[in-house]
>>> print(open('protein06.cif').read())   # mmCIF, C-alpha atoms
data_start
#
loop_
_atom_site.label_atom_id
_atom_site.label_comp_id
_atom_site.auth_asym_id
_atom_site.auth_seq_id
_atom_site.Cartn_x
_atom_site.Cartn_y
_atom_site.Cartn_z
CA MET A 1 -40.09 -171.53 -75.90
CA SER A 2 -39.20 -168.03 -77.02
CA THR A 3 -40.22 -167.12 -80.56
CA SER A 4 -38.40 -163.79 -80.61
CA ARG A 5 -36.01 -163.16 -83.49
CA PRO A 6 -32.31 -162.93 -82.77
CA PRO A 7 -31.08 -159.32 -82.69
CA GLU A 8 -29.71 -157.84 -85.87
CA LEU A 9 -25.98 -157.34 -86.03
CA LEU A 10 -26.55 -153.56 -86.21
CA ALA A 11 -29.33 -151.50 -84.65
CA THR A 12 -29.39 -148.77 -87.30
CA ARG A 13 -29.57 -148.66 -91.07
CA ASN A 14 -28.33 -146.12 -93.56
CA THR A 15 -31.77 -144.89 -94.56
CA MET A 16 -30.37 -142.49 -97.17
CA LYS A 17 -28.59 -145.36 -98.91
CA ASP A 18 -31.69 -147.54 -98.67
CA LYS A 19 -33.96 -144.87 -100.14
CA LEU A 20 -31.61 -144.14 -103.02
CA ALA A 21 -31.37 -147.87 -103.76
CA ARG A 22 -35.16 -147.94 -104.05
CA GLY A 23 -35.09 -145.06 -106.54
CA GLU A 24 -36.48 -142.51 -104.09
CA HIS A 25 -35.50 -138.88 -103.59
CA VAL A 26 -33.75 -137.69 -100.44
CA PHE A 27 -33.42 -134.26 -98.87
CA GLY A 28 -31.17 -132.78 -96.21
CA VAL A 29 -29.11 -129.85 -94.93
CA TRP A 30 -25.48 -128.95 -94.48
CA LEU A 31 -24.22 -128.48 -90.91
CA ASP A 32 -20.99 -126.62 -90.25
CA SER A 33 -21.47 -124.00 -87.54
CA MET A 34 -23.49 -125.24 -84.58
CA ARG A 35 -21.48 -127.58 -82.41
CA THR A 36 -24.45 -129.29 -80.81
CA PRO A 37 -26.31 -132.52 -81.50
CA ALA A 38 -29.54 -130.55 -80.94
CA ILE A 39 -29.26 -129.11 -84.47
CA VAL A 40 -29.26 -132.67 -85.83
CA ARG A 41 -32.36 -133.50 -83.83
CA ILE A 42 -34.04 -130.38 -85.19
CA ALA A 43 -33.12 -131.41 -88.74
CA ALA A 44 -34.62 -134.85 -88.11
CA ALA A 45 -37.77 -133.31 -86.62
CA ALA A 46 -38.08 -131.16 -89.75
CA GLY A 47 -38.11 -134.29 -91.91
CA CYS A 48 -34.56 -134.37 -93.28
CA ASP A 49 -33.37 -137.71 -94.62
CA TYR A 50 -29.74 -136.89 -93.90
CA VAL A 51 -27.31 -134.27 -92.67
CA PHE A 52 -24.04 -133.42 -94.38
CA ILE A 53 -21.56 -132.57 -91.62
CA ASP A 54 -18.70 -130.46 -92.91
CA MET A 55 -15.17 -130.78 -91.53
CA GLU A 56 -13.52 -129.23 -94.61
CA HIS A 57 -14.77 -125.66 -94.17
CA SER A 58 -15.58 -125.57 -90.46
CA SER A 59 -14.06 -125.65 -87.00
CA LEU A 60 -16.01 -128.76 -85.99
CA SER A 61 -13.93 -131.09 -83.84
CA PHE A 62 -14.03 -134.87 -83.90
CA GLU A 63 -15.83 -134.72 -80.56
CA SER A 64 -18.57 -132.48 -81.96
CA VAL A 65 -18.87 -134.57 -85.11
CA GLY A 66 -19.13 -137.75 -83.05
CA ASP A 67 -21.95 -136.28 -80.94
CA MET A 68 -23.78 -135.15 -84.08
CA CYS A 69 -23.42 -138.57 -85.70
CA GLU A 70 -24.71 -140.28 -82.56
CA MET A 71 -27.80 -138.06 -82.58
CA ALA A 72 -28.44 -138.66 -86.28
CA ARG A 73 -28.29 -142.42 -85.82
CA ALA A 74 -30.60 -142.23 -82.81
CA CYS A 75 -33.09 -140.13 -84.81
CA GLY A 76 -33.05 -142.48 -87.81
CA ILE A 77 -31.41 -140.13 -90.31
CA THR A 78 -28.08 -140.58 -92.06
CA PRO A 79 -24.98 -138.66 -90.96
CA VAL A 80 -22.63 -138.08 -93.89
CA VAL A 81 -19.34 -136.40 -93.01
CA ARG A 82 -17.07 -134.51 -95.38
CA PRO A 83 -13.57 -135.00 -93.90
CA TYR A 84 -10.86 -132.46 -94.51
CA SER A 85 -8.47 -135.10 -95.82
CA LEU A 86 -8.39 -138.39 -97.70
CA ASP A 87 -5.91 -139.66 -95.12
CA SER A 88 -7.02 -143.12 -93.99
CA GLY A 89 -6.55 -142.22 -90.34
CA VAL A 90 -8.93 -139.28 -90.65
CA VAL A 91 -11.51 -141.19 -92.67
CA GLY A 92 -11.40 -144.23 -90.42
CA ARG A 93 -11.80 -142.11 -87.32
CA VAL A 94 -14.81 -140.31 -88.79
CA LEU A 95 -16.46 -143.64 -89.50
CA ASP A 96 -15.52 -145.12 -86.13
CA ILE A 97 -17.30 -142.28 -84.30
CA GLY A 98 -20.55 -142.88 -86.14
CA ALA A 99 -20.60 -141.45 -89.67
CA MET A 100 -22.63 -143.64 -92.03
CA GLY A 101 -21.27 -141.94 -95.10
CA VAL A 102 -18.15 -140.07 -96.12
CA MET A 103 -18.03 -137.45 -98.86
CA PHE A 104 -14.77 -136.53 -100.57
CA HIS A 105 -14.35 -133.18 -102.27
CA ASP A 106 -13.15 -132.54 -105.85
CA VAL A 107 -12.57 -136.15 -106.87
CA THR A 108 -10.90 -136.32 -110.29
CA THR A 109 -8.87 -139.54 -110.59
CA PRO A 110 -9.42 -143.30 -110.24
CA GLN A 111 -6.48 -143.35 -107.82
CA GLU A 112 -8.42 -141.09 -105.45
CA VAL A 113 -11.45 -143.35 -105.75
CA ARG A 114 -9.37 -146.37 -104.75
CA ARG A 115 -7.98 -144.45 -101.77
CA MET A 116 -11.57 -143.64 -100.78
CA ARG A 117 -12.43 -147.34 -100.92
CA ASP A 118 -9.34 -148.40 -98.97
CA ALA A 119 -9.98 -145.85 -96.22
CA ALA A 120 -13.72 -146.49 -95.86
CA LEU A 121 -14.06 -150.27 -96.10
CA TYR A 122 -12.69 -153.15 -94.06
CA PRO A 123 -10.53 -155.88 -95.63
CA PRO A 124 -10.78 -157.58 -98.01
CA ALA A 125 -12.62 -154.74 -99.83
CA GLY A 126 -10.41 -152.02 -98.30
CA ASN A 127 -7.84 -151.38 -95.60
CA ARG A 128 -9.87 -149.72 -92.84
CA GLY A 129 -8.41 -150.38 -89.41
CA SER A 130 -10.32 -152.50 -86.91
CA THR A 131 -12.20 -151.36 -83.84
CA ALA A 132 -14.67 -153.25 -81.68
CA GLN A 133 -18.12 -152.37 -80.33
CA SER A 134 -17.81 -148.76 -81.49
CA ALA A 135 -20.49 -146.30 -82.57
CA ALA A 136 -20.11 -147.67 -86.09
CA GLN A 137 -21.18 -151.07 -84.77
CA ASP A 138 -23.95 -149.66 -82.58
CA TYR A 139 -21.89 -150.82 -79.60
CA ARG A 140 -22.62 -154.42 -80.47
CA GLY A 141 -20.33 -157.39 -80.78
CA GLY A 142 -20.59 -160.39 -83.03
CA PRO A 143 -18.70 -162.60 -85.44
CA GLY A 144 -15.87 -160.44 -86.74
CA ALA A 145 -16.25 -161.08 -90.47
CA ARG A 146 -20.04 -160.75 -90.37
CA ILE A 147 -20.19 -157.55 -88.37
CA LYS A 148 -17.50 -155.90 -90.50
CA ALA A 149 -19.40 -156.88 -93.63
CA ALA A 150 -22.57 -155.44 -92.09
CA VAL A 151 -20.80 -152.15 -91.30
CA ASP A 152 -19.33 -151.97 -94.81
CA ASP A 153 -22.80 -152.53 -96.25
CA GLN A 154 -24.08 -149.44 -94.44
CA VAL A 155 -21.26 -147.11 -95.54
CA LEU A 156 -22.13 -144.65 -98.30
CA ILE A 157 -19.06 -143.51 -100.23
CA ALA A 158 -19.80 -140.19 -101.90
CA ALA A 159 -17.73 -138.11 -104.31
CA GLN A 160 -18.08 -134.42 -105.03
CA VAL A 161 -17.65 -133.31 -108.62
CA GLU A 162 -16.31 -129.76 -108.45
CA SER A 163 -14.24 -129.26 -111.61
CA ALA A 164 -14.33 -129.62 -115.36
CA GLU A 165 -11.90 -132.53 -115.03
CA GLY A 166 -14.21 -134.29 -112.59
CA VAL A 167 -17.12 -133.91 -115.02
CA ALA A 168 -15.07 -135.13 -117.98
CA ARG A 169 -13.72 -138.18 -116.13
CA LEU A 170 -16.87 -139.14 -114.23
CA ASP A 171 -17.54 -142.28 -116.28
CA GLU A 172 -14.02 -143.41 -115.49
CA LEU A 173 -14.47 -142.68 -111.79
CA LEU A 174 -17.81 -144.47 -111.54
CA ALA A 175 -16.46 -147.50 -113.42
CA GLU A 176 -14.38 -148.29 -110.31
CA GLY A 177 -17.60 -149.50 -108.69
CA VAL A 178 -16.86 -147.68 -105.42
CA ILE A 179 -18.85 -144.45 -105.52
CA GLY A 180 -22.42 -144.79 -104.29
CA PHE A 181 -23.45 -141.15 -104.57
CA VAL A 182 -22.28 -138.08 -106.47
CA GLU A 183 -22.73 -134.56 -105.15
CA VAL A 184 -22.18 -131.70 -107.58
CA GLY A 185 -20.42 -128.79 -105.86
CA ARG A 186 -21.73 -126.03 -108.06
CA GLY A 187 -19.83 -123.25 -106.33
CA ASP A 188 -16.41 -124.69 -107.06
CA LEU A 189 -17.55 -126.13 -110.39
CA SER A 190 -18.77 -122.74 -111.60
CA THR A 191 -15.47 -121.19 -110.51
CA ASP A 192 -13.44 -123.83 -112.34
CA LEU A 193 -15.51 -123.22 -115.47
CA GLY A 194 -14.72 -119.49 -115.30
CA HIS A 195 -18.06 -118.30 -113.92
CA PRO A 196 -17.51 -117.94 -110.16
CA LEU A 197 -20.67 -118.69 -108.17
CA GLU A 198 -22.88 -118.32 -111.26
CA THR A 199 -24.45 -121.67 -110.43
CA ARG A 200 -27.08 -121.36 -113.14
CA HIS A 201 -24.76 -120.23 -115.92
CA PRO A 202 -25.49 -122.21 -119.13
CA GLU A 203 -22.07 -123.88 -119.01
CA VAL A 204 -22.65 -124.96 -115.42
CA LEU A 205 -26.08 -126.33 -116.27
CA ALA A 206 -24.61 -128.22 -119.23
CA ALA A 207 -22.01 -129.75 -116.90
CA ILE A 208 -24.78 -130.77 -114.49
CA ASP A 209 -26.65 -132.48 -117.31
CA SER A 210 -23.45 -134.34 -118.19
CA VAL A 211 -23.05 -135.50 -114.58
CA VAL A 212 -26.65 -136.71 -114.41
CA ALA A 213 -26.23 -138.63 -117.67
CA ALA A 214 -23.03 -140.31 -116.46
CA CYS A 215 -24.64 -141.24 -113.15
CA ASP A 216 -27.63 -142.71 -114.97
CA ARG A 217 -25.33 -144.86 -117.09
CA HIS A 218 -23.79 -146.34 -113.95
CA GLY A 219 -26.90 -146.52 -111.81
CA VAL A 220 -25.59 -144.01 -109.25
CA ALA A 221 -27.73 -141.27 -107.71
CA CYS A 222 -26.58 -137.67 -107.76
CA GLY A 223 -27.55 -134.48 -106.01
CA THR A 224 -26.62 -130.87 -105.43
CA LEU A 225 -27.15 -127.91 -103.12
CA CYS A 226 -30.05 -125.59 -103.93
CA SER A 227 -30.78 -122.25 -102.32
CA SER A 228 -34.32 -121.75 -103.62
CA LEU A 229 -37.36 -123.88 -104.37
CA GLU A 230 -37.28 -122.73 -107.99
CA ASP A 231 -33.70 -123.93 -108.37
CA ALA A 232 -34.55 -127.19 -106.61
CA ALA A 233 -37.49 -127.79 -108.96
CA ASP A 234 -35.18 -127.41 -111.96
CA MET A 235 -32.49 -129.67 -110.50
CA LEU A 236 -35.06 -132.38 -109.76
CA ALA A 237 -36.43 -132.03 -113.28
CA ARG A 238 -32.90 -132.50 -114.64
CA GLY A 239 -32.65 -135.83 -112.83
CA MET A 240 -31.13 -135.01 -109.44
CA ARG A 241 -32.23 -137.48 -106.77
CA SER A 242 -31.03 -135.44 -103.81
CA VAL A 243 -31.37 -131.80 -102.85
CA VAL A 244 -29.43 -130.41 -99.91
CA TYR A 245 -30.39 -126.98 -98.62
CA PRO A 246 -27.82 -124.42 -97.43
CA ASN A 247 -26.18 -124.80 -94.07
CA GLU A 248 -27.91 -124.05 -90.78
CA ARG A 249 -26.07 -120.73 -90.49
CA ASN A 250 -27.53 -119.40 -93.74
CA ILE A 251 -31.02 -120.73 -92.98
CA LEU A 252 -31.09 -119.09 -89.55
CA LEU A 253 -29.59 -115.85 -90.83
CA SER A 254 -32.22 -115.60 -93.57
CA TYR A 255 -35.05 -116.45 -91.18
CA TYR A 256 -33.91 -114.01 -88.51
CA ARG A 257 -33.29 -111.24 -91.04
CA ASP A 258 -36.78 -111.62 -92.53
CA THR A 259 -38.29 -111.66 -89.04
CA MET A 260 -36.45 -108.52 -87.94
CA ASP A 261 -37.37 -106.69 -91.15
CA SER A 262 -41.03 -107.65 -90.66
CA LEU A 263 -41.05 -106.57 -87.02
CA ARG A 264 -39.48 -103.20 -87.85
CA GLY A 265 -41.99 -102.76 -90.62
CA LEU A 266 -44.85 -103.42 -88.21
CA ALA A 267 -43.41 -100.92 -85.74
CA ALA A 268 -43.20 -98.30 -88.49
CA GLY A 269 -46.81 -98.92 -89.47
CA ARG A 270 -46.00 -100.81 -92.65
CA PRO A 271 -47.70 -104.14 -93.38
CA ALA A 272 -45.52 -107.18 -92.92
CA ALA A 273 -44.04 -108.60 -96.09
CA GLY A 274 -45.90 -111.57 -97.54
CA GLY A 275 -44.63 -114.89 -96.29
CA SER A 276 -43.23 -113.41 -93.10
CA PRO A 277 -41.85 -116.09 -90.81
CA CYS A 278 -43.68 -114.46 -87.87
CA SER A 279 -46.80 -116.44 -87.07
CA SER A 280 -48.86 -117.41 -84.08
#
>>> encode(input="protein06.cif", output="structure tokens")
Amino acid sequence: MSTSRPPELLATRNTMKDKLARGEHVFGVWLDSMRTPAIVRIAAAAGCDYVFIDMEHSSLSFESVGDMCEMARACGITPVVRPYSLDSGVVGRVLDIGAMGVMFHDVTTPQEVRRMRDAALYPPAGNRGSTAQSAAQDYRGGPGARIKAAVDDQVLIAAQVESAEGVARLDELLAEGVIGFVEVGRGDLSTDLGHPLETRHPEVLAAIDSVVAACDRHGVACGTLCSSLEDAADMLARGMRSVVYPNERNILLSYYRDTMDSLRGLAAGRPAAGGSPCSS
């Protein structure tokens, strides 16, 4: 007689959500330029816990996003997509093609939070439309109510705080019990506070501390983008549980620029700058 366990309803888990639930830190990168699942595999090979796939400020198509989500799931990291709209059709489609999390920009009202819930979760929790044996279900079938509950359990609903109003109303937003992760968009937040792109201005840092405190009160993890290790160290010390590094375009541009500068320096007889990315 077989002693093997019956297969799980889903083959993949939202490892980012699991790690945050255990109180761990998570790290990832933004993706918005390279329309290939290979960049996701590279991010996974580098040790990322997740990728944030941007549809708000990019030309990424649903087809490209679907391929990237498929690769992330296959590699065991979490694909979180920022859709360009809160429209339920857009959000549902993003989830159907494999996203395990959805991030909504500049959330400021409880009404928006409820729309996020309705778009991302199946009835009775929300109003997400049905599909069968899709990427979201790891191409598996099963009892309808159970598999939909299993899919809902894996969805991470994330809100970006990008304005003074979002900071001021965060307790109210989190009290809805929908948001599982808060990402502070410091670029837009600094602009809204009157200090465009001064992401370490004292007023911006005070707003970050306010966000962390509100998240702690509600047991919700928060994170932000950091462009240097020094900035990341400070954000972690302030209580951030997630650090996302700049998008793949900026990382490659910086790496290539440093490499070219070092090579030209070598050709001119100058020693390579310390920390040059050139190595053998």
>>> closest_residue(input="protein06.cif", among="A:Pro83, A:Gly101, A:Pro37, A:Gly185", to="Glu56 of chain A", atoms="only C-alpha atoms")
A:Pro83
>>> residues_around(input="protein06.cif", residues="Gly144 of chain A", least_positions_apart="2", cutoff="12 Å", atoms="only C-alpha atoms", output="PDB file with C-alpha atoms, in the frame of the given file")
ATOM      1  CA  LEU A   9     -25.980-157.340 -86.030  1.00  0.00           C
ATOM      2  CA  TYR A 122     -12.690-153.150 -94.060  1.00  0.00           C
ATOM      3  CA  PRO A 123     -10.530-155.880 -95.630  1.00  0.00           C
ATOM      4  CA  SER A 130     -10.320-152.500 -86.910  1.00  0.00           C
ATOM      5  CA  THR A 131     -12.200-151.360 -83.840  1.00  0.00           C
ATOM      6  CA  ALA A 132     -14.670-153.250 -81.680  1.00  0.00           C
ATOM      7  CA  GLN A 133     -18.120-152.370 -80.330  1.00  0.00           C
ATOM      8  CA  GLN A 137     -21.180-151.070 -84.770  1.00  0.00           C
ATOM      9  CA  ARG A 140     -22.620-154.420 -80.470  1.00  0.00           C
ATOM     10  CA  GLY A 141     -20.330-157.390 -80.780  1.00  0.00           C
ATOM     11  CA  GLY A 142     -20.590-160.390 -83.030  1.00  0.00           C
ATOM     12  CA  ARG A 146     -20.040-160.750 -90.370  1.00  0.00           C
ATOM     13  CA  ILE A 147     -20.190-157.550 -88.370  1.00  0.00           C
ATOM     14  CA  LYS A 148     -17.500-155.900 -90.500  1.00  0.00           C
ATOM     15  CA  ALA A 149     -19.400-156.880 -93.630  1.00  0.00           C
ATOM     16  CA  ALA A 150     -22.570-155.440 -92.090  1.00  0.00           C
ATOM     17  CA  VAL A 151     -20.800-152.150 -91.300  1.00  0.00           C
TER      18      VAL A 151
END
>>> closest_residue(input="protein06.cif", among="A:Leu225, A:Ala158, A:Met68, A:Cys215", to="Val107 of chain A", atoms="only C-alpha atoms")
A:Ala158
>>> resolve_selection(input="protein06.cif", expression="the PyMOL selection byres ((chain A and resi 10-14) around 9)", output="PyMOL selection string")
chain A and resi 7-9+15-19+73-74+76-79+100-101+136-140+147+150-151+153-156
>>> atom_distance(input="protein06.cif", atom1="atom CA of Arg217 of chain A", atom2="atom CA of Gly180 of chain A")
13.1 Å
>>> atom_distance(input="protein06.cif", atom1="atom CA of Ile179 of chain A", atom2="atom CA of Met103 of chain A")
9.7 Å
>>> closest_residue(input="protein06.cif", among="A:Cys222, A:Val80, A:Ser58, A:Ala206", to="Gly28 of chain A", atoms="all atoms listed in the file")
A:Val80
>>> closest_residue(input="protein06.cif", among="A:Ala119, A:Ile157, A:Val178, A:Ala145", to="Val81 of chain A", atoms="all atoms listed in the file")
A:Ile157
>>> closest_residue(input="protein06.cif", among="A:Val90, A:Met71, A:Leu193, A:Val182", to="Gly223 of chain A", atoms="all atoms listed in the file")
A:Val182
>>> residues_around(input="protein06.cif", residues="Ala175 of chain A", least_positions_apart="2", cutoff="12 Å", atoms="all atoms listed in the file", output="PyMOL selection string")
chain A and resi 109-110+113-114+169-173+177-180+214-215+217-220
>>> residues_around(input="protein06.cif", residues="Asp192 of chain A", least_positions_apart="6", cutoff="10 Å", atoms="all atoms listed in the file", output="PDB file with C-alpha atoms, in the frame of the given file")
ATOM      1  CA  GLU A 162     -16.310-129.760-108.450  1.00  0.00           C
ATOM      2  CA  SER A 163     -14.240-129.260-111.610  1.00  0.00           C
ATOM      3  CA  ALA A 164     -14.330-129.620-115.360  1.00  0.00           C
ATOM      4  CA  GLU A 165     -11.900-132.530-115.030  1.00  0.00           C
ATOM      5  CA  ARG A 186     -21.730-126.030-108.060  1.00  0.00           C
ATOM      6  CA  VAL A 204     -22.650-124.960-115.420  1.00  0.00           C
TER       7      VAL A 204
END
>>> atom_distance(input="protein06.cif", atom1="atom CA of Cys48 of chain A", atom2="atom CA of Tyr245 of chain A")
10.0 Å
>>> closest_residue(input="protein06.cif", among="A:Met240, A:Ile42, A:Met260, A:Leu95", to="Val184 of chain A", atoms="only C-alpha atoms")
A:Met240
>>> resolve_selection(input="protein06.cif", expression="the PyMOL selection byres ((chain A and resi 106) around 8)", output="VMD selection string")
chain A and resid 104 to 105 107 to 108 159 to 163 166
>>> resolve_selection(input="protein06.cif", expression="the PyMOL selection byres ((chain A and resi 89) around 12)", output="PyMOL selection string")
chain A and resi 83-88+90-96+115-116+118-120+127-130
>>> write_last_selection(input="protein06.cif", atoms="C-alpha atoms", output="short mmCIF file (atom, residue, chain, number, x, y, z; two decimals), in the coordinates of the input")
data_model
loop_
_atom_site.label_atom_id
_atom_site.label_comp_id
_atom_site.auth_asym_id
_atom_site.auth_seq_id
_atom_site.Cartn_x
_atom_site.Cartn_y
_atom_site.Cartn_z
CA PRO A 83 -13.57 -135.00 -93.90
CA TYR A 84 -10.86 -132.46 -94.51
CA SER A 85 -8.47 -135.10 -95.82
CA LEU A 86 -8.39 -138.39 -97.70
CA ASP A 87 -5.91 -139.66 -95.12
CA SER A 88 -7.02 -143.12 -93.99
CA VAL A 90 -8.93 -139.28 -90.65
CA VAL A 91 -11.51 -141.19 -92.67
CA GLY A 92 -11.40 -144.23 -90.42
CA ARG A 93 -11.80 -142.11 -87.32
CA VAL A 94 -14.81 -140.31 -88.79
CA LEU A 95 -16.46 -143.64 -89.50
CA ASP A 96 -15.52 -145.12 -86.13
CA ARG A 115 -7.98 -144.45 -101.77
CA MET A 116 -11.57 -143.64 -100.78
CA ASP A 118 -9.34 -148.40 -98.97
CA ALA A 119 -9.98 -145.85 -96.22
CA ALA A 120 -13.72 -146.49 -95.86
CA ASN A 127 -7.84 -151.38 -95.60
CA ARG A 128 -9.87 -149.72 -92.84
CA GLY A 129 -8.41 -150.38 -89.41
CA SER A 130 -10.32 -152.50 -86.91
#
>>> residues_around(input="protein06.cif", residues="Leu197 of chain A", least_positions_apart="6", cutoff="8 Å", atoms="all atoms listed in the file", output="ChimeraX atom specification")
/A:186-188,190-191
